[in-house]
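Below is one structure, written out as structure tokens, with a few remarks after it.
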Amino acid sequence: MNWPAIRAIYVFEIARTWRTIFQSVLSPIISTALYFVVFGSAIGSRISEVNGVSYGAFIVPGLIMLSLMTQSISNASIAIYFPKFIGTIYELLTAPISYVEIVISYVGAAATKSVFLGIIILMTASLFVPVRIDHPAWMLLFLLLTGVTFSLFGFIIGIWADNFEKLTVVPLLVVTPLAFLGGTFYSLDMLPPIWQKITLANPVVYLVSGFRWSFYSVADVNIYVSLTMILLFLAGCLGIVAWIFRSGYRLKS
């Protein structure tokens with residue numbers, strides 16, 4: 001394993017966060033704080049509790065998961081797209097570094113930044129509402145698995161995209177709507193029976209449910225089903241990334 005090369009790319013990507021700190025860190029934190037003000041205070045004051053948890057505290061895991069998914073995709077997609085855009089991707093592909101090491105470098109940096117941001121948002125949320133974590137090991141497991149999986153997903157988007165508009169299409173038009181409809185702000189028990197069944201087709205439901213269980217021991221879906229879903233998504237992303245490097249799709253053309 002070429003650790004010096006991995007470390008060089010990893011440190012470069014982490015350092016990019018500080019050059020774009022408003023976009024990378026402050027903007028998601030401000031957006032999350034606004035969610036708490038609007039949903040936690042304005043709307044939450046009209047809802048007593050959801051599954052025995054105050055509404056303000058109930059939405060905390062969903063908001064963290066929303067930021068984690070979108071930031072993981074954004075960090076990884078921009079990181080690999082930019083070398084393609086300026087043409088330095090060919091230097092990377094001909095350098096003495098394997099495809100596995102390239103993925104570890106970029107995905108590792110993107111996942112590190114998004115997990116770090118998720119922890120900051122958790123600390124910010126604790127300023128607004130009392131948050132408890134019943135299962136911290138599960139919370140960290142879901143945080144890491146989601147960060148790595150969606151960073152891989154963002155890596156795929158960054159390779160697929162051939163312009164800046166496509167970088168934002170999937171997060172804005174697919175991931176964010178699925179997160180909003182995936183139980184971020186409500187429990188599935190609050191929906192009519194037919195919509196409960198339809199919502200189960202949304203993969204984000206399983207992520208939010210599992211992550212929320214690690215906080216309050218309440219979930220819409222069994223915790224092991226949630227874990228299985230995120231592992232299947234991770235395996236699917238790894239398979240697509242492996243195919244991309246074998247075929248050279250959008251890398252050698």
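To be explicit about the labels: the chains of the structure tokens are called A, B, and onward in the order shown, and within each one the residues are counted from 1, while ligands get numbers from 1 in the order they are shown.
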
List as a tab-separated table every residue of stretch 121-236 of chain A that is in contact with stretch 64-82 of chain A, defined as an atom at most 9 Å from one of its atoms (using only C-alpha atoms), together with the nearest atom pair and the distance in Å rounded to one decimal, sorted by chain and then rising number.
residue	atom	partner	partner_atom	distance
A:Ile121	CA	A:Ile64	CA	6.4
A:Leu122	CA	A:Ile64	CA	6.8
A:Leu143	CA	A:Leu68	CA	8.0
A:Thr146	CA	A:Met69	CA	7.0
A:Gly147	CA	A:Ser72	CA	5.9
A:Val148	CA	A:Ser72	CA	7.7
A:Thr149	CA	A:Ser72	CA	8.4
A:Phe150	CA	A:Ser72	CA	5.5
A:Ser151	CA	A:Ser72	CA	4.6
A:Leu152	CA	A:Ala76	CA	7.2
A:Phe153	CA	A:Ile73	CA	6.3
A:Gly154	CA	A:Ile73	CA	3.8
A:Phe155	CA	A:Ser77	CA	4.8
A:Ile156	CA	A:Ser77	CA	7.2
A:Ile157	CA	A:Ser77	CA	5.8
A:Gly158	CA	A:Ser77	CA	3.8
A:Ile159	CA	A:Tyr81	CA	6.1
A:Trp160	CA	A:Tyr81	CA	8.7
A:Ala161	CA	A:Tyr81	CA	7.4
A:Asp162	CA	A:Tyr81	CA	8.2
A:Asn163	CA	A:Tyr81	CA	8.8
A:Phe164	CA	A:Tyr81	CA	8.6
A:Leu167	CA	A:Ser77	CA	6.8
A:Thr168	CA	A:Ser74	CA	7.9
A:Pro171	CA	A:Thr70	CA	6.1
A:Leu172	CA	A:Thr70	CA	8.6
A:Val175	CA	A:Thr70	CA	7.2
A:Thr176	CA	A:Leu66	CA	7.2
A:Ala179	CA	A:Leu66	CA	6.1
A:Phe180	CA	A:Leu66	CA	8.2
A:Thr184	CA	A:Leu66	CA	7.7
A:Leu207	CA	A:Met65	CA	7.8
A:Val208	CA	A:Met65	CA	6.5
A:Phe211	CA	A:Met65	CA	7.7

Put those residues in a file: N, CA and C atoms, as a short mmCIF file (atom, residue, chain, number, x, y, z; two decimals), in the first residue's frame.
data_model
loop_
_atom_site.label_atom_id
_atom_site.label_comp_id
_atom_site.auth_asym_id
_atom_site.auth_seq_id
_atom_site.Cartn_x
_atom_site.Cartn_y
_atom_site.Cartn_z
N ILE A 121 -22.64 19.34 14.03
CA ILE A 121 -24.08 19.60 14.01
C ILE A 121 -24.75 19.00 15.25
N LEU A 122 -24.28 17.82 15.67
CA LEU A 122 -24.81 17.21 16.90
C LEU A 122 -24.54 18.12 18.10
N LEU A 143 -22.89 6.54 11.60
CA LEU A 143 -22.25 7.77 11.13
C LEU A 143 -21.14 7.44 10.13
N THR A 146 -22.56 5.55 6.84
CA THR A 146 -23.25 6.49 5.95
C THR A 146 -22.25 7.44 5.30
N GLY A 147 -21.30 7.95 6.08
CA GLY A 147 -20.30 8.86 5.52
C GLY A 147 -19.49 8.20 4.41
N VAL A 148 -19.03 6.97 4.64
CA VAL A 148 -18.23 6.26 3.62
C VAL A 148 -19.09 5.92 2.41
N THR A 149 -20.30 5.41 2.65
CA THR A 149 -21.17 4.98 1.54
C THR A 149 -21.53 6.15 0.64
N PHE A 150 -21.95 7.25 1.21
CA PHE A 150 -22.36 8.39 0.38
C PHE A 150 -21.15 9.13 -0.20
N SER A 151 -20.00 9.00 0.42
CA SER A 151 -18.78 9.54 -0.21
C SER A 151 -18.45 8.72 -1.46
N LEU A 152 -18.61 7.39 -1.37
CA LEU A 152 -18.43 6.55 -2.55
C LEU A 152 -19.45 6.92 -3.63
N PHE A 153 -20.68 7.16 -3.21
CA PHE A 153 -21.73 7.56 -4.14
C PHE A 153 -21.36 8.90 -4.80
N GLY A 154 -20.86 9.83 -4.01
CA GLY A 154 -20.43 11.12 -4.56
C GLY A 154 -19.24 10.95 -5.50
N PHE A 155 -18.33 10.03 -5.18
CA PHE A 155 -17.19 9.75 -6.05
C PHE A 155 -17.67 9.28 -7.42
N ILE A 156 -18.70 8.42 -7.41
CA ILE A 156 -19.29 7.93 -8.67
C ILE A 156 -19.91 9.09 -9.46
N ILE A 157 -20.63 9.96 -8.76
CA ILE A 157 -21.26 11.11 -9.42
C ILE A 157 -20.20 12.03 -10.03
N GLY A 158 -19.10 12.25 -9.28
CA GLY A 158 -18.03 13.10 -9.77
C GLY A 158 -17.40 12.57 -11.04
N ILE A 159 -17.29 11.25 -11.16
CA ILE A 159 -16.74 10.65 -12.39
C ILE A 159 -17.77 10.70 -13.51
N TRP A 160 -19.03 10.47 -13.16
CA TRP A 160 -20.09 10.48 -14.18
C TRP A 160 -20.34 11.88 -14.75
N ALA A 161 -20.26 12.90 -13.92
CA ALA A 161 -20.62 14.26 -14.33
C ALA A 161 -19.62 14.80 -15.35
N ASP A 162 -20.13 15.44 -16.39
CA ASP A 162 -19.26 16.10 -17.37
C ASP A 162 -19.47 17.60 -17.38
N ASN A 163 -20.22 18.12 -16.39
CA ASN A 163 -20.32 19.58 -16.20
C ASN A 163 -20.73 19.83 -14.75
N PHE A 164 -20.61 21.09 -14.32
CA PHE A 164 -20.88 21.43 -12.92
C PHE A 164 -22.35 21.24 -12.55
N LEU A 167 -23.20 17.86 -11.18
CA LEU A 167 -22.72 17.60 -9.82
C LEU A 167 -23.81 17.86 -8.79
N THR A 168 -24.70 18.80 -9.10
CA THR A 168 -25.72 19.19 -8.12
C THR A 168 -27.08 18.54 -8.38
N PRO A 171 -27.79 15.33 -5.80
CA PRO A 171 -28.05 15.76 -4.40
C PRO A 171 -29.32 16.59 -4.26
N LEU A 172 -29.56 17.52 -5.21
CA LEU A 172 -30.70 18.43 -5.08
C LEU A 172 -32.02 17.77 -5.46
N VAL A 175 -31.42 13.08 -3.63
CA VAL A 175 -31.08 12.78 -2.23
C VAL A 175 -31.87 13.64 -1.24
N THR A 176 -31.89 14.96 -1.46
CA THR A 176 -32.59 15.84 -0.52
C THR A 176 -34.09 15.54 -0.46
N ALA A 179 -34.58 12.41 1.51
CA ALA A 179 -34.35 12.63 2.94
C ALA A 179 -35.56 13.31 3.60
N PHE A 180 -36.13 14.30 2.92
CA PHE A 180 -37.29 15.00 3.47
C PHE A 180 -38.49 14.05 3.58
N THR A 184 -37.23 12.27 8.13
CA THR A 184 -36.37 13.22 8.83
C THR A 184 -37.16 14.05 9.84
N LEU A 207 -31.99 4.42 6.83
CA LEU A 207 -30.82 5.10 7.41
C LEU A 207 -31.24 5.99 8.57
N VAL A 208 -32.27 6.80 8.33
CA VAL A 208 -32.74 7.72 9.38
C VAL A 208 -33.28 6.93 10.57
N PHE A 211 -30.39 5.32 12.53
CA PHE A 211 -29.62 6.36 13.23
C PHE A 211 -30.42 6.91 14.41
#

Give me the residues within 9 Å of stretch 95-106 of chain A as a compact mmCIF listing (two decimals) with all heavy atoms, in the first residue's frame, counting only C-alpha atoms and dropping any in the same chain fewer than 2 places off.
# COMPACT_ATOMS: atom_id res chain seq x y z
N MET A 1 0.84 -1.20 0.00
CA MET A 1 0.00 0.00 0.00
C MET A 1 0.88 1.26 0.00
O MET A 1 1.79 1.38 0.83
CB MET A 1 -0.90 -0.01 1.23
CG MET A 1 -2.04 1.00 1.22
SD MET A 1 -3.34 0.64 0.04
CE MET A 1 -4.19 -0.71 0.85
N ASN A 2 0.64 2.17 -0.93
CA ASN A 2 1.45 3.38 -1.07
C ASN A 2 0.91 4.45 -0.11
O ASN A 2 0.20 5.38 -0.48
CB ASN A 2 1.37 3.88 -2.52
CG ASN A 2 2.36 5.00 -2.80
OD1 ASN A 2 2.94 5.58 -1.88
ND2 ASN A 2 2.56 5.31 -4.06
N TRP A 3 1.29 4.33 1.17
CA TRP A 3 0.76 5.23 2.20
C TRP A 3 1.19 6.69 2.00
O TRP A 3 0.38 7.60 2.27
CB TRP A 3 1.17 4.74 3.58
CG TRP A 3 0.49 3.45 3.96
CD1 TRP A 3 1.06 2.23 4.12
CD2 TRP A 3 -0.91 3.26 4.20
NE1 TRP A 3 0.12 1.28 4.44
CE2 TRP A 3 -1.11 1.90 4.50
CE3 TRP A 3 -2.01 4.11 4.19
CZ2 TRP A 3 -2.35 1.36 4.78
CZ3 TRP A 3 -3.26 3.58 4.47
CH2 TRP A 3 -3.42 2.22 4.77
N ALA A 5 1.54 8.34 -0.77
CA ALA A 5 0.65 8.93 -1.79
C ALA A 5 -0.77 9.11 -1.24
O ALA A 5 -1.41 10.15 -1.48
CB ALA A 5 0.62 8.02 -3.02
N ILE A 6 -1.24 8.11 -0.49
CA ILE A 6 -2.57 8.23 0.12
C ILE A 6 -2.61 9.43 1.06
O ILE A 6 -3.55 10.22 1.05
CB ILE A 6 -2.92 6.93 0.87
CG1 ILE A 6 -3.07 5.76 -0.10
CG2 ILE A 6 -4.18 7.11 1.70
CD1 ILE A 6 -3.28 4.42 0.57
N ARG A 7 -1.57 9.54 1.87
CA ARG A 7 -1.52 10.64 2.84
C ARG A 7 -1.49 11.99 2.12
O ARG A 7 -2.15 12.95 2.55
CB ARG A 7 -0.30 10.49 3.74
CG ARG A 7 -0.17 11.57 4.80
CD ARG A 7 1.05 11.33 5.69
NE ARG A 7 1.19 12.37 6.69
CZ ARG A 7 1.74 13.55 6.47
NH1 ARG A 7 2.22 13.82 5.25
NH2 ARG A 7 1.81 14.45 7.42
N ALA A 8 -0.73 12.09 1.03
CA ALA A 8 -0.61 13.36 0.30
C ALA A 8 -1.97 13.82 -0.23
O ALA A 8 -2.35 14.99 -0.08
CB ALA A 8 0.40 13.22 -0.84
N ILE A 9 -2.70 12.90 -0.87
CA ILE A 9 -4.02 13.26 -1.42
C ILE A 9 -4.99 13.56 -0.29
O ILE A 9 -5.77 14.52 -0.35
CB ILE A 9 -4.56 12.11 -2.31
CG1 ILE A 9 -3.66 11.89 -3.51
CG2 ILE A 9 -5.99 12.43 -2.76
CD1 ILE A 9 -4.03 10.70 -4.36
N TYR A 10 -4.94 12.73 0.76
CA TYR A 10 -5.85 12.91 1.90
C TYR A 10 -5.63 14.30 2.55
O TYR A 10 -6.60 15.03 2.79
CB TYR A 10 -5.61 11.79 2.91
CG TYR A 10 -6.48 11.84 4.14
CD1 TYR A 10 -7.72 11.21 4.15
CD2 TYR A 10 -6.06 12.49 5.29
CE1 TYR A 10 -8.53 11.25 5.27
CE2 TYR A 10 -6.86 12.54 6.41
CZ TYR A 10 -8.09 11.91 6.40
OH TYR A 10 -8.87 11.97 7.53
N VAL A 11 -4.39 14.63 2.82
CA VAL A 11 -4.08 15.92 3.47
C VAL A 11 -4.48 17.08 2.56
O VAL A 11 -5.02 18.09 3.03
CB VAL A 11 -2.58 15.99 3.82
CG1 VAL A 11 -2.20 17.40 4.27
CG2 VAL A 11 -2.25 14.99 4.91
N GLU A 13 -6.91 17.14 0.35
CA GLU A 13 -8.37 17.27 0.36
C GLU A 13 -8.88 17.83 1.68
O GLU A 13 -9.82 18.63 1.71
CB GLU A 13 -9.02 15.91 0.08
CG GLU A 13 -8.90 15.46 -1.36
CD GLU A 13 -9.53 16.45 -2.31
OE1 GLU A 13 -10.63 16.94 -2.02
OE2 GLU A 13 -8.90 16.76 -3.34
N ASN A 75 -18.62 16.64 -1.12
CA ASN A 75 -17.17 16.62 -0.91
C ASN A 75 -16.47 15.68 -1.90
O ASN A 75 -15.46 16.04 -2.52
CB ASN A 75 -16.85 16.18 0.52
CG ASN A 75 -17.20 17.25 1.54
OD1 ASN A 75 -17.17 18.43 1.25
ND2 ASN A 75 -17.56 16.82 2.74
N ALA A 76 -17.02 14.46 -2.03
CA ALA A 76 -16.35 13.47 -2.88
C ALA A 76 -16.50 13.78 -4.36
O ALA A 76 -15.56 13.60 -5.14
CB ALA A 76 -16.92 12.09 -2.58
N ALA A 79 -14.24 16.67 -5.34
CA ALA A 79 -12.83 16.29 -5.21
C ALA A 79 -12.33 15.55 -6.45
O ALA A 79 -11.21 15.78 -6.90
CB ALA A 79 -12.64 15.43 -3.96
N ILE A 80 -13.13 14.64 -7.00
CA ILE A 80 -12.67 13.87 -8.16
C ILE A 80 -13.03 14.57 -9.47
O ILE A 80 -12.37 14.36 -10.49
CB ILE A 80 -13.25 12.43 -8.13
CG1 ILE A 80 -12.54 11.54 -9.14
CG2 ILE A 80 -14.75 12.46 -8.37
CD1 ILE A 80 -11.06 11.35 -8.88
N TYR A 90 -5.17 12.70 -15.54
CA TYR A 90 -4.27 11.78 -16.25
C TYR A 90 -2.95 11.61 -15.50
O TYR A 90 -2.35 10.54 -15.52
CB TYR A 90 -4.04 12.30 -17.67
CG TYR A 90 -5.32 12.38 -18.47
CD1 TYR A 90 -5.90 13.61 -18.76
CD2 TYR A 90 -5.96 11.22 -18.89
CE1 TYR A 90 -7.10 13.67 -19.47
CE2 TYR A 90 -7.16 11.28 -19.59
CZ TYR A 90 -7.72 12.52 -19.88
OH TYR A 90 -8.91 12.58 -20.56
N GLU A 91 -2.51 12.68 -14.84
CA GLU A 91 -1.31 12.55 -14.01
C GLU A 91 -1.56 11.60 -12.85
O GLU A 91 -0.70 10.81 -12.47
CB GLU A 91 -0.90 13.93 -13.48
CG GLU A 91 -0.53 14.92 -14.56
CD GLU A 91 -0.20 16.30 -14.00
OE1 GLU A 91 -0.15 16.41 -12.75
OE2 GLU A 91 -0.01 17.24 -14.78
N LEU A 92 -2.77 11.68 -12.30
CA LEU A 92 -3.12 10.80 -11.19
C LEU A 92 -3.19 9.34 -11.65
O LEU A 92 -2.69 8.44 -10.97
CB LEU A 92 -4.47 11.23 -10.60
CG LEU A 92 -4.99 10.42 -9.40
CD1 LEU A 92 -4.09 10.64 -8.19
CD2 LEU A 92 -6.42 10.85 -9.07
N LEU A 93 -3.79 9.12 -12.84
CA LEU A 93 -3.97 7.75 -13.33
C LEU A 93 -2.65 7.10 -13.76
O LEU A 93 -2.54 5.87 -13.77
CB LEU A 93 -4.95 7.75 -14.52
CG LEU A 93 -6.39 8.15 -14.19
CD1 LEU A 93 -7.23 8.26 -15.45
CD2 LEU A 93 -7.03 7.15 -13.22
N GLY A 108 -11.87 8.58 1.72
CA GLY A 108 -11.51 8.74 3.13
C GLY A 108 -11.55 10.19 3.56
O GLY A 108 -12.08 10.52 4.64
N ALA A 109 -11.03 11.09 2.72
CA ALA A 109 -11.04 12.52 3.06
C ALA A 109 -12.47 13.06 3.09
O ALA A 109 -12.85 13.80 4.01
CB ALA A 109 -10.20 13.30 2.04
N ALA A 110 -13.28 12.68 2.09
CA ALA A 110 -14.66 13.16 2.04
C ALA A 110 -15.45 12.66 3.24
O ALA A 110 -16.22 13.41 3.86
CB ALA A 110 -15.33 12.71 0.74
N ALA A 111 -15.28 11.37 3.59
CA ALA A 111 -16.01 10.81 4.73
C ALA A 111 -15.55 11.45 6.04
O ALA A 111 -16.38 11.72 6.92
CB ALA A 111 -15.80 9.29 4.78
N SER A 151 -20.00 9.00 0.42
CA SER A 151 -18.78 9.54 -0.21
C SER A 151 -18.45 8.72 -1.46
O SER A 151 -18.04 9.27 -2.49
CB SER A 151 -17.62 9.51 0.78
OG SER A 151 -17.85 10.40 1.85
N LEU A 152 -18.61 7.39 -1.37
CA LEU A 152 -18.43 6.55 -2.55
C LEU A 152 -19.45 6.92 -3.63
O LEU A 152 -19.12 7.00 -4.82
CB LEU A 152 -18.61 5.07 -2.17
CG LEU A 152 -17.39 4.35 -1.59
CD1 LEU A 152 -17.80 3.01 -1.01
CD2 LEU A 152 -16.32 4.15 -2.66
N PHE A 155 -18.33 10.03 -5.18
CA PHE A 155 -17.19 9.75 -6.05
C PHE A 155 -17.67 9.28 -7.42
O PHE A 155 -17.16 9.70 -8.45
CB PHE A 155 -16.33 8.67 -5.38
CG PHE A 155 -15.01 8.42 -6.04
CD1 PHE A 155 -13.90 9.21 -5.76
CD2 PHE A 155 -14.87 7.38 -6.95
CE1 PHE A 155 -12.68 8.97 -6.37
CE2 PHE A 155 -13.65 7.13 -7.57
CZ PHE A 155 -12.56 7.92 -7.28
N VAL A 241 -17.79 1.37 -8.43
CA VAL A 241 -16.46 1.99 -8.48
C VAL A 241 -15.44 1.03 -9.09
O VAL A 241 -14.61 1.42 -9.92
CB VAL A 241 -16.00 2.43 -7.07
CG1 VAL A 241 -14.53 2.85 -7.08
CG2 VAL A 241 -16.85 3.59 -6.58
N ALA A 242 -15.53 -0.25 -8.70
CA ALA A 242 -14.61 -1.25 -9.28
C ALA A 242 -14.82 -1.37 -10.79
O ALA A 242 -13.84 -1.45 -11.55
CB ALA A 242 -14.85 -2.61 -8.60
N PHE A 245 -13.20 1.68 -12.71
CA PHE A 245 -11.76 1.64 -12.91
C PHE A 245 -11.35 0.51 -13.86
O PHE A 245 -10.35 0.63 -14.57
CB PHE A 245 -11.06 1.49 -11.56
CG PHE A 245 -10.95 2.79 -10.80
CD1 PHE A 245 -11.66 3.01 -9.64
CD2 PHE A 245 -10.13 3.80 -11.27
CE1 PHE A 245 -11.57 4.20 -8.95
CE2 PHE A 245 -10.01 5.01 -10.59
CZ PHE A 245 -10.75 5.21 -9.43

Practice item. Within stretch 18-120 of chain A, find each residue whose DSSP state, derived from the backbone, is strand (DSSP E or B), and express the selection as a PyMOL selection string. Key: chain A and resi 49-50+53-54

Review point. Hey, what does DSSP flag as helix (DSSP H, G or I) within stretch 91-251 of chain A? Can you give it to me as JSON, numbers by chain?
Key: {"A": [91, 92, 93, 94, 99, 100, 101, 102, 103, 104, 105, 106, 107, 108, 109, 110, 111, 112, 113, 114, 115, 116, 117, 118, 119, 120, 121, 122, 123, 124, 125, 126, 127, 128, 136, 137, 138, 139, 140, 141, 142, 143, 144, 145, 146, 147, 148, 149, 150, 151, 152, 153, 154, 155, 156, 157, 158, 159, 160, 164, 165, 166, 167, 168, 169, 170, 171, 172, 173, 174, 175, 176, 177, 178, 179, 180, 188, 189, 190, 193, 194, 195, 196, 197, 198, 199, 203, 204, 205, 206, 207, 208, 209, 210, 211, 212, 213, 214, 215, 216, 223, 224, 225, 226, 227, 228, 229, 230, 231, 232, 233, 234, 235, 236, 237, 238, 239, 240, 241, 242, 243, 244, 245, 246, 247]}

Check your understanding: Hey, what's within 12 Å of stretch 131-133 of chain A if we count only C-alpha atoms and toss same-chain stuff fewer than 6 positions away? As a count of residues only, please?
Key -> 24

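Shortest separation to A:Thr32 among A:Val50, A:Leu173, A:Ile89, A:Leu117 occurs at residue A:Leu117, atoms counted being only C-alpha atoms.
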
Review point. So how far away is atom CA of A:Arg246 from atom CA of A:Leu232, in Å?
Key: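 For atom CA of A:Leu232 relative to atom CA of A:Arg246, the distance reads 21.1 Å.
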
Practice item. Mind checking which residues fall within 9 Å of A:Gly182, counting only C-alpha atoms, ignoring those fewer than 2 positions away in the same chain, and posting them as a ChimeraX atom specification? Key: /A:62,177-180,184-188,199-200,202-209

Please save all heavy atoms of the selected residues as a short mmCIF file (atom, residue, chain, number, x, y, z; two decimals), in the first residue's frame.
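What ended up in again18.cif:
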data_model
loop_
_atom_site.label_atom_id
_atom_site.label_comp_id
_atom_site.auth_asym_id
_atom_site.auth_seq_id
_atom_site.Cartn_x
_atom_site.Cartn_y
_atom_site.Cartn_z
N GLY A 62 -32.35 12.96 12.15
CA GLY A 62 -32.68 13.15 10.74
C GLY A 62 -31.92 14.30 10.12
O GLY A 62 -31.44 14.20 8.98
N PRO A 177 -34.80 15.39 -1.60
CA PRO A 177 -36.21 15.01 -1.49
C PRO A 177 -36.43 13.68 -0.79
O PRO A 177 -37.37 13.54 0.01
CB PRO A 177 -36.66 14.94 -2.96
CG PRO A 177 -35.73 15.83 -3.69
CD PRO A 177 -34.42 15.69 -3.00
N LEU A 178 -35.57 12.68 -1.07
CA LEU A 178 -35.72 11.39 -0.40
C LEU A 178 -35.52 11.53 1.11
O LEU A 178 -36.20 10.87 1.90
CB LEU A 178 -34.71 10.38 -0.96
CG LEU A 178 -35.00 9.83 -2.36
CD1 LEU A 178 -33.89 8.88 -2.79
CD2 LEU A 178 -36.34 9.09 -2.39
N ALA A 179 -34.58 12.41 1.51
CA ALA A 179 -34.35 12.63 2.94
C ALA A 179 -35.56 13.31 3.60
O ALA A 179 -35.97 12.93 4.70
CB ALA A 179 -33.09 13.47 3.14
N PHE A 180 -36.13 14.30 2.92
CA PHE A 180 -37.29 15.00 3.47
C PHE A 180 -38.49 14.05 3.58
O PHE A 180 -39.31 14.18 4.50
CB PHE A 180 -37.67 16.20 2.60
CG PHE A 180 -36.93 17.45 2.98
CD1 PHE A 180 -35.59 17.61 2.68
CD2 PHE A 180 -37.57 18.47 3.66
CE1 PHE A 180 -34.89 18.75 3.04
CE2 PHE A 180 -36.89 19.63 4.02
CZ PHE A 180 -35.55 19.76 3.71
N THR A 184 -37.23 12.27 8.13
CA THR A 184 -36.37 13.22 8.83
C THR A 184 -37.16 14.05 9.84
O THR A 184 -36.70 14.29 10.96
CB THR A 184 -35.70 14.17 7.80
OG1 THR A 184 -34.87 13.39 6.94
CG2 THR A 184 -34.86 15.22 8.50
N PHE A 185 -38.37 14.46 9.45
CA PHE A 185 -39.15 15.35 10.31
C PHE A 185 -40.37 14.69 10.92
O PHE A 185 -41.16 15.35 11.58
CB PHE A 185 -39.60 16.58 9.50
CG PHE A 185 -38.45 17.40 8.99
CD1 PHE A 185 -38.07 17.34 7.67
CD2 PHE A 185 -37.72 18.23 9.85
CE1 PHE A 185 -37.00 18.09 7.19
CE2 PHE A 185 -36.66 18.98 9.39
CZ PHE A 185 -36.29 18.91 8.06
N TYR A 186 -40.57 13.40 10.67
CA TYR A 186 -41.76 12.74 11.21
C TYR A 186 -41.50 11.24 11.34
O TYR A 186 -40.56 10.69 10.76
CB TYR A 186 -42.97 12.97 10.29
CG TYR A 186 -42.75 12.58 8.86
CD1 TYR A 186 -42.89 11.26 8.44
CD2 TYR A 186 -42.38 13.53 7.91
CE1 TYR A 186 -42.68 10.90 7.12
CE2 TYR A 186 -42.15 13.17 6.58
CZ TYR A 186 -42.30 11.85 6.20
OH TYR A 186 -42.08 11.49 4.89
N SER A 187 -42.38 10.60 12.12
CA SER A 187 -42.34 9.15 12.22
C SER A 187 -43.31 8.55 11.21
O SER A 187 -44.34 9.15 10.89
CB SER A 187 -42.72 8.71 13.63
OG SER A 187 -42.95 7.32 13.68
N LEU A 188 -43.00 7.36 10.72
CA LEU A 188 -43.90 6.71 9.77
C LEU A 188 -45.27 6.43 10.38
O LEU A 188 -46.27 6.34 9.66
CB LEU A 188 -43.28 5.39 9.27
CG LEU A 188 -42.49 5.45 7.95
CD1 LEU A 188 -41.34 6.41 8.03
CD2 LEU A 188 -42.02 4.07 7.55
N THR A 199 -43.74 4.63 1.64
CA THR A 199 -42.51 5.24 2.15
C THR A 199 -41.41 4.21 2.40
O THR A 199 -40.22 4.53 2.33
CB THR A 199 -42.82 6.01 3.46
OG1 THR A 199 -43.85 6.96 3.20
CG2 THR A 199 -41.59 6.75 3.96
N LEU A 200 -41.80 2.97 2.68
CA LEU A 200 -40.79 1.93 2.92
C LEU A 200 -39.95 1.65 1.67
O LEU A 200 -38.90 1.00 1.76
CB LEU A 200 -41.47 0.64 3.40
CG LEU A 200 -42.02 0.68 4.83
CD1 LEU A 200 -42.75 -0.61 5.15
CD2 LEU A 200 -40.90 0.92 5.83
N ASN A 202 -38.51 3.96 0.11
CA ASN A 202 -37.48 4.99 0.16
C ASN A 202 -36.30 4.49 0.98
O ASN A 202 -36.43 4.25 2.19
CB ASN A 202 -38.08 6.26 0.79
CG ASN A 202 -37.10 7.40 0.87
OD1 ASN A 202 -35.90 7.24 0.61
ND2 ASN A 202 -37.60 8.56 1.25
N PRO A 203 -35.12 4.30 0.38
CA PRO A 203 -33.98 3.74 1.14
C PRO A 203 -33.52 4.62 2.29
O PRO A 203 -32.94 4.12 3.27
CB PRO A 203 -32.89 3.60 0.07
CG PRO A 203 -33.28 4.55 -1.01
CD PRO A 203 -34.77 4.60 -1.02
N VAL A 204 -33.76 5.93 2.20
CA VAL A 204 -33.31 6.84 3.26
C VAL A 204 -34.06 6.56 4.57
O VAL A 204 -33.54 6.82 5.66
CB VAL A 204 -33.47 8.30 2.82
CG1 VAL A 204 -33.08 9.27 3.93
CG2 VAL A 204 -32.64 8.58 1.58
N VAL A 205 -35.27 6.02 4.48
CA VAL A 205 -36.05 5.69 5.67
C VAL A 205 -35.24 4.79 6.61
O VAL A 205 -35.21 5.00 7.83
CB VAL A 205 -37.37 5.00 5.28
CG1 VAL A 205 -38.03 4.35 6.51
CG2 VAL A 205 -38.32 5.98 4.65
N TYR A 206 -34.56 3.82 6.04
CA TYR A 206 -33.83 2.83 6.84
C TYR A 206 -32.61 3.48 7.52
O TYR A 206 -32.26 3.11 8.64
CB TYR A 206 -33.41 1.66 5.95
CG TYR A 206 -34.59 0.99 5.29
CD1 TYR A 206 -35.05 1.41 4.04
CD2 TYR A 206 -35.28 -0.03 5.93
CE1 TYR A 206 -36.15 0.81 3.44
CE2 TYR A 206 -36.38 -0.63 5.34
CZ TYR A 206 -36.82 -0.20 4.09
OH TYR A 206 -37.92 -0.78 3.51
N LEU A 207 -31.99 4.42 6.83
CA LEU A 207 -30.82 5.10 7.41
C LEU A 207 -31.24 5.99 8.57
O LEU A 207 -30.64 5.96 9.65
CB LEU A 207 -30.10 5.93 6.34
CG LEU A 207 -29.72 5.22 5.04
CD1 LEU A 207 -28.95 6.17 4.14
CD2 LEU A 207 -28.89 3.99 5.35
N VAL A 208 -32.27 6.80 8.33
CA VAL A 208 -32.74 7.72 9.38
C VAL A 208 -33.28 6.93 10.57
O VAL A 208 -33.00 7.26 11.73
CB VAL A 208 -33.82 8.67 8.82
CG1 VAL A 208 -34.42 9.51 9.94
CG2 VAL A 208 -33.23 9.57 7.74
N SER A 209 -34.03 5.86 10.28
CA SER A 209 -34.62 5.06 11.35
C SER A 209 -33.54 4.42 12.22
O SER A 209 -33.60 4.47 13.46
CB SER A 209 -35.53 3.99 10.76
OG SER A 209 -36.01 3.13 11.77
#
